[in-house]
$ cat run_4.cif   # mmCIF, C-alpha atoms
data_run
#
loop_
_atom_site.group_PDB
_atom_site.id
_atom_site.type_symbol
_atom_site.label_atom_id
_atom_site.label_comp_id
_atom_site.auth_asym_id
_atom_site.auth_seq_id
_atom_site.Cartn_x
_atom_site.Cartn_y
_atom_site.Cartn_z
ATOM 1 C CA MET A 1 121.376 12.604 -72.913
ATOM 2 C CA GLU A 2 119.415 15.693 -73.980
ATOM 3 C CA ARG A 3 116.662 15.030 -76.484
ATOM 4 C CA LYS A 4 116.666 16.892 -79.790
ATOM 5 C CA LEU A 5 113.293 18.393 -78.952
ATOM 6 C CA ARG A 6 114.998 20.471 -76.274
ATOM 7 C CA ARG A 7 117.445 22.129 -78.613
ATOM 8 C CA PRO A 8 117.605 25.942 -78.512
ATOM 9 C CA GLY A 9 114.911 27.676 -80.528
ATOM 10 C CA LEU A 10 112.281 24.975 -80.104
ATOM 11 C CA ARG A 11 109.734 25.054 -77.333
ATOM 12 C CA SER A 12 108.000 21.778 -76.626
ATOM 13 C CA GLU A 13 104.913 21.443 -74.479
ATOM 14 C CA GLY A 14 103.239 18.175 -73.655
ATOM 15 C CA SER A 15 99.688 17.447 -72.597
ATOM 16 C CA VAL A 16 99.705 16.310 -69.000
ATOM 17 C CA GLY A 17 97.334 16.310 -66.064
ATOM 18 C CA ALA A 18 93.738 15.279 -65.523
ATOM 19 C CA ALA A 19 90.444 16.967 -64.795
ATOM 20 C CA ASN A 20 89.386 16.935 -61.142
ATOM 21 C CA TRP A 21 88.408 19.060 -58.195
ATOM 22 C CA SER A 22 90.764 19.445 -55.248
ATOM 23 C CA ASN A 23 89.012 18.134 -52.128
ATOM 24 C CA SER A 24 90.683 20.660 -49.859
ATOM 25 C CA ARG A 25 89.733 23.912 -51.589
ATOM 26 C CA ALA A 26 87.429 22.776 -54.401
ATOM 27 C CA THR A 27 89.821 24.196 -56.988
ATOM 28 C CA TYR A 28 89.246 23.128 -60.569
ATOM 29 C CA ILE A 29 92.299 21.596 -62.235
ATOM 30 C CA PRO A 30 92.104 21.951 -66.043
ATOM 31 C CA ASN A 31 91.980 18.676 -67.940
ATOM 32 C CA VAL A 32 94.291 17.620 -70.735
ATOM 33 C CA ASP A 33 92.085 18.961 -73.524
ATOM 34 C CA ASP A 34 91.682 22.366 -71.859
ATOM 35 C CA THR A 35 95.435 22.648 -71.372
ATOM 36 C CA VAL A 36 96.283 21.746 -74.965
ATOM 37 C CA LYS A 37 93.624 24.074 -76.350
ATOM 38 C CA GLN A 38 95.006 26.934 -74.262
ATOM 39 C CA GLN A 39 98.564 26.216 -75.425
ATOM 40 C CA ILE A 40 97.491 26.359 -79.075
ATOM 41 C CA MET A 41 95.486 29.567 -78.681
ATOM 42 C CA ASP A 42 98.283 31.264 -76.732
ATOM 43 C CA ALA A 43 100.696 30.394 -79.546
ATOM 44 C CA LEU A 44 98.317 31.765 -82.178
ATOM 45 C CA ARG A 45 97.706 35.004 -80.303
ATOM 46 C CA VAL A 46 101.323 35.896 -79.544
ATOM 47 C CA ARG A 47 102.933 38.360 -81.940
ATOM 48 C CA ASN A 48 106.519 39.336 -82.723
ATOM 49 C CA GLN A 49 108.128 36.720 -80.490
ATOM 50 C CA GLY A 50 109.553 34.410 -83.142
ATOM 51 C CA GLU A 51 106.857 31.750 -82.852
ATOM 52 C CA ASN A 52 105.400 31.866 -86.334
ATOM 53 C CA ILE A 53 105.502 28.125 -87.049
ATOM 54 C CA ILE A 54 103.552 25.976 -84.587
ATOM 55 C CA GLY A 55 103.641 22.187 -84.670
ATOM 56 C CA LEU A 56 100.770 20.050 -83.423
ATOM 57 C CA CYS A 57 101.704 16.392 -82.980
ATOM 58 C CA GLY A 58 99.780 13.315 -81.871
ATOM 59 C CA PRO A 59 97.237 10.718 -83.021
ATOM 60 C CA ASP A 60 95.622 11.844 -86.262
ATOM 61 C CA LYS A 61 92.027 12.175 -85.010
ATOM 62 C CA ARG A 62 93.099 14.009 -81.861
ATOM 63 C CA VAL A 63 95.303 16.384 -83.841
ATOM 64 C CA GLN A 64 92.498 17.111 -86.297
ATOM 65 C CA HIS A 65 90.102 17.766 -83.407
ATOM 66 C CA PHE A 66 92.389 20.319 -81.759
ATOM 67 C CA ALA A 67 93.293 22.002 -85.028
ATOM 68 C CA ASN A 68 89.633 22.393 -85.965
ATOM 69 C CA THR A 69 88.801 23.684 -82.488
ATOM 70 C CA ALA A 70 91.584 26.263 -82.751
ATOM 71 C CA ILE A 71 90.291 27.379 -86.159
ATOM 72 C CA ARG A 72 86.768 27.855 -84.789
ATOM 73 C CA ILE A 73 88.035 29.917 -81.851
ATOM 74 C CA ALA A 74 90.283 31.998 -84.110
ATOM 75 C CA GLU A 75 87.327 32.695 -86.411
ATOM 76 C CA ARG A 76 85.083 33.568 -83.482
ATOM 77 C CA ASP A 77 87.645 35.927 -81.935
ATOM 78 C CA GLN A 78 88.639 37.357 -85.331
ATOM 79 C CA LEU A 79 92.342 36.741 -84.714
ATOM 80 C CA PHE A 80 93.165 36.687 -88.437
ATOM 81 C CA GLN A 81 91.915 38.398 -91.575
ATOM 82 C CA LYS A 82 92.085 35.076 -93.397
ATOM 83 C CA ILE A 83 92.362 31.461 -92.284
ATOM 84 C CA VAL A 84 93.563 28.964 -94.891
ATOM 85 C CA THR A 85 93.462 25.188 -94.440
ATOM 86 C CA THR A 86 94.902 22.539 -96.730
ATOM 87 C CA THR A 87 96.024 18.911 -96.561
ATOM 88 C CA VAL A 88 99.594 18.123 -97.602
ATOM 89 C CA THR A 89 99.737 14.258 -97.599
ATOM 90 C CA LYS A 90 102.803 12.048 -98.112
ATOM 91 C CA LYS A 91 103.572 13.275 -101.634
ATOM 92 C CA PRO A 92 102.937 17.029 -101.641
ATOM 93 C CA ASP A 93 101.695 18.570 -104.871
ATOM 94 C CA ILE A 94 103.096 22.107 -104.692
ATOM 95 C CA ASN A 95 100.927 23.456 -107.503
ATOM 96 C CA ASN A 96 97.821 22.033 -105.852
ATOM 97 C CA LEU A 97 98.755 23.543 -102.481
ATOM 98 C CA GLN A 98 99.337 26.905 -104.156
ATOM 99 C CA THR A 99 95.945 26.694 -105.855
ATOM 100 C CA GLN A 100 94.105 25.843 -102.624
ATOM 101 C CA ILE A 101 95.789 28.624 -100.675
ATOM 102 C CA GLY A 102 95.307 31.069 -103.524
ATOM 103 C CA ASP A 103 91.597 30.286 -103.760
ATOM 104 C CA ALA A 104 91.201 30.922 -100.035
ATOM 105 C CA ILE A 105 92.737 34.402 -100.216
ATOM 106 C CA GLY A 106 91.171 35.489 -103.487
ATOM 107 C CA LEU A 107 93.940 34.576 -105.898
ATOM 108 C CA ASN A 108 92.583 32.330 -108.631
ATOM 109 C CA PHE A 109 94.894 30.032 -110.592
ATOM 110 C CA ASP A 110 93.600 28.085 -113.564
ATOM 111 C CA ASP A 111 93.749 24.413 -112.562
ATOM 112 C CA LYS A 112 94.472 23.089 -116.033
ATOM 113 C CA GLY A 113 97.231 25.318 -117.311
ATOM 114 C CA GLY A 114 98.545 27.342 -114.425
ATOM 115 C CA VAL A 115 97.033 30.474 -115.956
ATOM 116 C CA VAL A 116 96.493 33.139 -113.356
ATOM 117 C CA LYS A 117 93.156 34.906 -113.643
ATOM 118 C CA SER A 118 94.203 38.319 -112.414
ATOM 119 C CA THR A 119 94.745 41.716 -113.985
ATOM 120 C CA TRP A 120 97.097 43.044 -111.339
ATOM 121 C CA TRP A 121 100.030 40.662 -111.840
ATOM 122 C CA LYS A 122 102.756 41.441 -114.331
ATOM 123 C CA PHE A 123 102.468 38.106 -116.143
ATOM 124 C CA GLY A 124 99.105 39.070 -117.635
ATOM 125 C CA ASN A 125 95.827 37.215 -117.888
ATOM 126 C CA ASN A 126 96.841 34.378 -120.181
ATOM 127 C CA LYS A 127 100.479 33.816 -119.357
ATOM 128 C CA ARG A 128 101.512 30.335 -118.240
ATOM 129 C CA ILE A 129 103.720 30.720 -115.192
ATOM 130 C CA SER A 130 106.106 28.427 -113.364
ATOM 131 C CA THR A 131 105.779 27.090 -109.828
ATOM 132 C CA ALA A 132 108.333 29.660 -108.665
ATOM 133 C CA GLU A 133 106.378 32.483 -110.281
ATOM 134 C CA ARG A 134 103.181 31.203 -108.707
ATOM 135 C CA ALA A 135 104.980 31.220 -105.347
ATOM 136 C CA ALA A 136 106.026 34.837 -105.837
ATOM 137 C CA LEU A 137 102.483 35.787 -106.763
ATOM 138 C CA LEU A 138 101.045 33.939 -103.761
ATOM 139 C CA CYS A 139 103.578 35.466 -101.382
ATOM 140 C CA ALA A 140 102.820 38.984 -102.620
ATOM 141 C CA LYS A 141 99.082 38.422 -102.213
ATOM 142 C CA MET A 142 99.489 37.061 -98.676
ATOM 143 C CA LYS A 143 101.575 40.078 -97.684
ATOM 144 C CA GLU A 144 98.560 42.240 -98.490
ATOM 145 C CA LEU A 145 96.888 40.648 -95.469
ATOM 146 C CA GLN A 146 97.885 42.093 -92.124
ATOM 147 C CA THR A 147 97.212 38.761 -90.399
ATOM 148 C CA VAL A 148 96.733 35.300 -91.874
ATOM 149 C CA LEU A 149 96.722 31.754 -90.495
ATOM 150 C CA VAL A 150 97.804 28.878 -92.731
ATOM 151 C CA VAL A 151 96.917 25.405 -91.433
ATOM 152 C CA LEU A 152 98.809 22.547 -93.098
ATOM 153 C CA HIS A 153 97.327 19.172 -92.207
ATOM 154 C CA ASP A 154 98.942 15.747 -92.396
ATOM 155 C CA VAL A 155 102.565 16.703 -93.055
ATOM 156 C CA HIS A 156 104.874 13.695 -93.488
ATOM 157 C CA GLY A 157 108.223 15.253 -94.349
ATOM 158 C CA ARG A 158 110.217 18.320 -95.249
ATOM 159 C CA LEU A 159 108.241 21.190 -96.702
ATOM 160 C CA GLU A 160 109.707 24.432 -98.030
ATOM 161 C CA PHE A 161 107.293 27.250 -97.288
ATOM 162 C CA GLY A 162 109.142 29.584 -99.635
ATOM 163 C CA GLU A 163 108.690 27.121 -102.501
ATOM 164 C CA ILE A 164 104.946 27.222 -101.925
ATOM 165 C CA GLY A 165 104.818 30.983 -101.447
ATOM 166 C CA ILE A 166 104.028 31.198 -97.722
ATOM 167 C CA PRO A 167 105.822 34.138 -96.065
ATOM 168 C CA PHE A 168 106.673 34.087 -92.360
ATOM 169 C CA GLY A 169 109.021 35.516 -89.756
ATOM 170 C CA ASP A 170 110.702 38.772 -90.760
ATOM 171 C CA ASP A 171 109.155 38.367 -94.196
ATOM 172 C CA HIS A 172 105.632 38.580 -92.702
ATOM 173 C CA ASN A 173 105.222 38.668 -88.912
ATOM 174 C CA GLY A 174 101.452 38.584 -89.285
ATOM 175 C CA CYS A 175 101.510 35.128 -90.883
ATOM 176 C CA LYS A 176 101.113 32.141 -88.572
ATOM 177 C CA ILE A 177 101.592 28.567 -89.789
ATOM 178 C CA LEU A 178 100.001 25.676 -87.896
ATOM 179 C CA VAL A 179 101.427 22.328 -89.022
ATOM 180 C CA THR A 180 99.885 19.011 -87.951
ATOM 181 C CA SER A 181 101.633 15.652 -88.055
ATOM 182 C CA THR A 182 101.753 12.309 -86.298
ATOM 183 C CA SER A 183 105.566 12.498 -86.170
ATOM 184 C CA VAL A 184 107.577 14.499 -83.653
ATOM 185 C CA GLN A 185 110.691 14.077 -85.803
ATOM 186 C CA VAL A 186 109.005 15.555 -88.862
ATOM 187 C CA LEU A 187 107.924 18.659 -86.985
ATOM 188 C CA SER A 188 111.092 19.214 -84.976
ATOM 189 C CA GLU A 189 113.801 18.130 -87.426
ATOM 190 C CA GLN A 190 112.346 18.598 -90.916
ATOM 191 C CA ILE A 191 109.815 21.389 -90.543
ATOM 192 C CA LYS A 192 111.777 22.943 -87.662
ATOM 193 C CA VAL A 193 108.744 24.402 -85.921
ATOM 194 C CA HIS A 194 109.257 27.249 -83.467
ATOM 195 C CA LYS A 195 106.880 25.732 -80.936
ATOM 196 C CA LEU A 196 105.861 22.085 -80.621
ATOM 197 C CA ILE A 197 102.692 20.996 -78.842
ATOM 198 C CA GLN A 198 102.294 17.271 -78.261
ATOM 199 C CA ILE A 199 98.918 15.624 -77.743
ATOM 200 C CA SER A 200 98.568 12.410 -75.781
ATOM 201 C CA ASN A 201 96.408 9.479 -76.873
ATOM 202 C CA ILE A 202 93.642 9.249 -74.281
#
$ encode --input "run_4.cif" --output "structure tokens"
Amino acid sequence: MERKLRRPGLRSEGSVGAANWSNSRATYIPNVDDTVKQQIMDALRVRNQGENIIGLCGPDKRVQHFANTAIRIAERDQLFQKIVTTTVTKKPDINNLQTQIGDAIGLNFDDKGGVVKSTWWKFGNNKRISTAERAALLCAKMKELQTVLVVLHDVHGRLEFGEIGIPFGDDHNGCKILVTSTSVQVLSEQIKVHKLIQISNI
């Protein structure tokens, strides 16, 4: 019976193989970590191929290691204008996620009252705004960036990117979302990632 991970629209790549040298021709065979790292970076570099949401699944420490490595390489190679990282946890606080992402891209929300400190938004400097209005503001600000990477750590369930204010796909092809989780089901069935990379526990 075909597994759900193989359904159309989802590419799944596992981490297999081991590091060694072939005795016959002394050819280096990439190890598991090299292979996974390459898969992640290839997914981050590709543009306009419908792979905006990338899922990274495996043991928590291993997932964190690969995500952080990918961020360092992306920063070094200047793949994105901005790289935003935030932790979601089991009970996501949408306002808090919006604030963290906003801070990273230069959009400052007031933590206490949801007052946006900006002169360019129609709500004004001292207007209390709703979560939906904050999402619209955040989305508009992110669209000003030609390329942006949003890394969402420790996702445990369904998450609506539009509710947060994260544009992707046709709405913003330059926005990549890297989602980490210990659950394959969360990434494939609830987040519905475009590409799933699984990390083994070694």
$ closest_atom_pairs --input "run_4.cif" --of "region 46-67 of chain A" --to "region 159-179 of chain A" --cutoff "8 Å" --atoms "all atoms listed in the file" --output "Markdown table"
| residue | atom | partner | partner_atom | distance |
| --- | --- | --- | --- | --- |
| A:Arg47 | CA | A:Asn173 | CA | 7.3 |
| A:Asn48 | CA | A:Asn173 | CA | 6.4 |
| A:Gly50 | CA | A:Gly169 | CA | 6.7 |
| A:Asn52 | CA | A:Lys176 | CA | 4.8 |
| A:Ile53 | CA | A:Ile177 | CA | 4.8 |
| A:Ile54 | CA | A:Leu178 | CA | 4.9 |
| A:Gly55 | CA | A:Val179 | CA | 4.9 |
| A:Leu56 | CA | A:Val179 | CA | 6.1 |
$ closest_residue --input "run_4.cif" --among "A:Val150, A:Val88, A:Val184, A:Ala132" --to "Ala67 (chain A)" --atoms "all atoms listed in the file"
A:Val150
$ residues_around --input "run_4.cif" --residues "Asn95 (chain A)" --least-positions-apart "3" --cutoff "7 Å" --atoms "only C-alpha atoms" --output "ChimeraX atom specification"
/A:98-99,131
$ write_last_selection --input "run_4.cif" --atoms "C-alpha atoms" --output "mmCIF file, in the coordinates of the input"
data_model
loop_
_atom_site.group_PDB
_atom_site.id
_atom_site.type_symbol
_atom_site.label_atom_id
_atom_site.label_comp_id
_atom_site.auth_asym_id
_atom_site.auth_seq_id
_atom_site.Cartn_x
_atom_site.Cartn_y
_atom_site.Cartn_z
ATOM 1 C CA GLN A 98 99.337 26.905 -104.156
ATOM 2 C CA THR A 99 95.945 26.694 -105.855
ATOM 3 C CA THR A 131 105.779 27.090 -109.828
#
$ residues_around --input "run_4.cif" --residues "region 68-71 of chain A" --least-positions-apart "5" --cutoff "9 Å" --atoms "only C-alpha atoms" --output "PyMOL selection string"
chain A and resi 37+40-41+44+63+76+83+149+151
$ residues_around --input "run_4.cif" --residues "Pro92 (chain A)" --least-positions-apart "5" --cutoff "10 Å" --atoms "all atoms listed in the file" --output "list of chain:residue names"
A:Thr87, A:Leu97, A:Val155, A:His156, A:Gly157, A:Arg158, A:Leu159
$ residues_near_point --input "run_4.cif" --point "(89.2, 33.0, -92.2)" --cutoff "9 Å" --atoms "all atoms listed in the file" --output "list in words"
Ile71, Ala74, Glu75, Gln78, Leu79, Phe80, Gln81, Lys82, Ile83, Val84, Ala104, Ile105, Val148 and Leu149 of chain A
$ resolve_selection --input "run_4.cif" --expression "the PyMOL selection byres ((chain A and resi 60) around 12)" --output "VMD selection string"
chain A and resid 56 to 59 61 to 67 153 to 156 180 to 183 198 to 201
$ atom_distance --input "run_4.cif" --atom1 "CA of Lys141 (chain A)" --atom2 "CA of Leu107 (chain A)"
7.4 Å
$ atom_distance --input "run_4.cif" --atom1 "CA of Gln39 (chain A)" --atom2 "CA of Gln190 (chain A)"
22.1 Å
$ atom_distance --input "run_4.cif" --atom1 "CA of Val46 (chain A)" --atom2 "CA of Arg72 (chain A)"
17.4 Å
